[in-house]
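This report refers to the structure that appears directly beneath it.
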Amino acid sequence: MRTYLFGLLLMAEPAWAHDAVIDGATTRETASGWSFSLTLTHAETGWDDYADGWRVESDAGEVLGTRVLAHPHVNEQPFTRSLSGVVVPDGATTVWIRARTSVDGWGQERFRLDLP
């Protein structure tokens, strides 16, 4: 009986959510600030677990701009979304991008993007 219960406990292990993966990003400077395009991949299951945003950060971690993703992209993986009008401090040569999921919040990994 103990072996059977142990097996059931292993099978009942919760599914672990995963951070969204930033596959790539591009940027260009425009008259109204910087424009960013970001491609994300995430093992979305629907409204209960999806990539719900990404943000551009300075070297020091200051948030320069945030793109909110208002719905899941279950059948659209990877997917690309843009954010315009981001003000990047004068003299900056690099920004960092961090993704967010509805389950885990902001990911620990940051994607480095060198400014052209």
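Identifiers in this document derive from the order of the structure tokens: chains are assigned A, B, ..., residues are numbered from 1 separately in each chain, and ligands are numbered from 1 in order of occurrence.
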
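Running DSSP on the backbone and keeping only helix (DSSP H, G or I), the residues of chain A that qualify are A:Arg2, A:Thr3, A:Tyr4, A:Leu5, A:Phe6, A:Gly7, A:Leu8, A:Leu9, A:Leu10, A:Met11.
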
Item checked: Close residues, A:Val87 itself excluded, 10 Å, only C-alpha atoms, min 6 positions apart in chain, as number ranges by chain -> A: 29, 32-35, 56, 64-65

Notebook entry, point to check: Neighbours of stretch 75-80 of chain A within 12 Å (only C-alpha atoms; same-chain residues fewer than 6 positions away dropped), as a ChimeraX atom specification?
Noted result: /A:20-26,36-46,50-51,53-54,67,69

Note to self: What parts of chain A does DSSP call strand (DSSP E or B)? I'd like the answer as a PyMOL selection string.
What the structure shows: chain A and resi 21-30+33-41+46+49+51-57+63-68+79-86+94-101+105-106+111-114

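Distances here use only C-alpha atoms; by that measure, the residue among A:Val74, A:Val63, A:Val68, A:Leu113 closest to A:Val86 is A:Val63.
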
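The shortest atom-to-atom distance to A:Leu83, with only C-alpha atoms taken into account, belongs to A:Thr66 out of A:Arg112, A:Arg28, A:Thr66, A:His71.
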
Check: Which residues come within 9 Å of A:Asp48, counting only C-alpha atoms, excluding same-chain residues fewer than 6 positions away, as a PyMOL selection string?
Finding: chain A and resi 72+102-103

Generate a file of the selected residues that holds N, CA and C atoms, formatted as a PDB file, in the first residue's frame.
```pdb
ATOM      1  N   PRO A  72      -3.662  35.743 -23.920  1.00  0.00           N
ATOM      2  CA  PRO A  72      -2.744  34.643 -24.232  1.00  0.00           C
ATOM      3  C   PRO A  72      -2.496  34.523 -25.741  1.00  0.00           C
ATOM      4  N   SER A 102       1.951  35.652 -16.308  1.00  0.00           N
ATOM      5  CA  SER A 102       0.847  35.845 -15.373  1.00  0.00           C
ATOM      6  C   SER A 102       1.001  35.011 -14.106  1.00  0.00           C
ATOM      7  N   VAL A 103       1.781  33.936 -14.168  1.00  0.00           N
ATOM      8  CA  VAL A 103       1.968  33.060 -13.007  1.00  0.00           C
ATOM      9  C   VAL A 103       3.195  33.452 -12.184  1.00  0.00           C
TER      10      VAL A 103
END
```

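Of note, atom CA of A:Gly107 and atom CA of A:Arg55 are spaced 10.7 Å apart.
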
Next item on the list: Can you work out the spacing between atom CA of A:Arg81 and atom CA of A:Ala99 in Å, to one decimal?
Entry: 12.0 Å

Notebook entry, point to check: Which of these residues is nearest to A:Thr93, using only C-alpha atoms: A:His73, A:Arg110, A:Pro116, A:Asp52?
Noted result: A:Pro116

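When only C-alpha atoms are used to compute distances to A:Ile97, the closest of the residues A:Asp49, A:Ala70, A:Phe111, A:Ser82 turns out to be A:Phe111.
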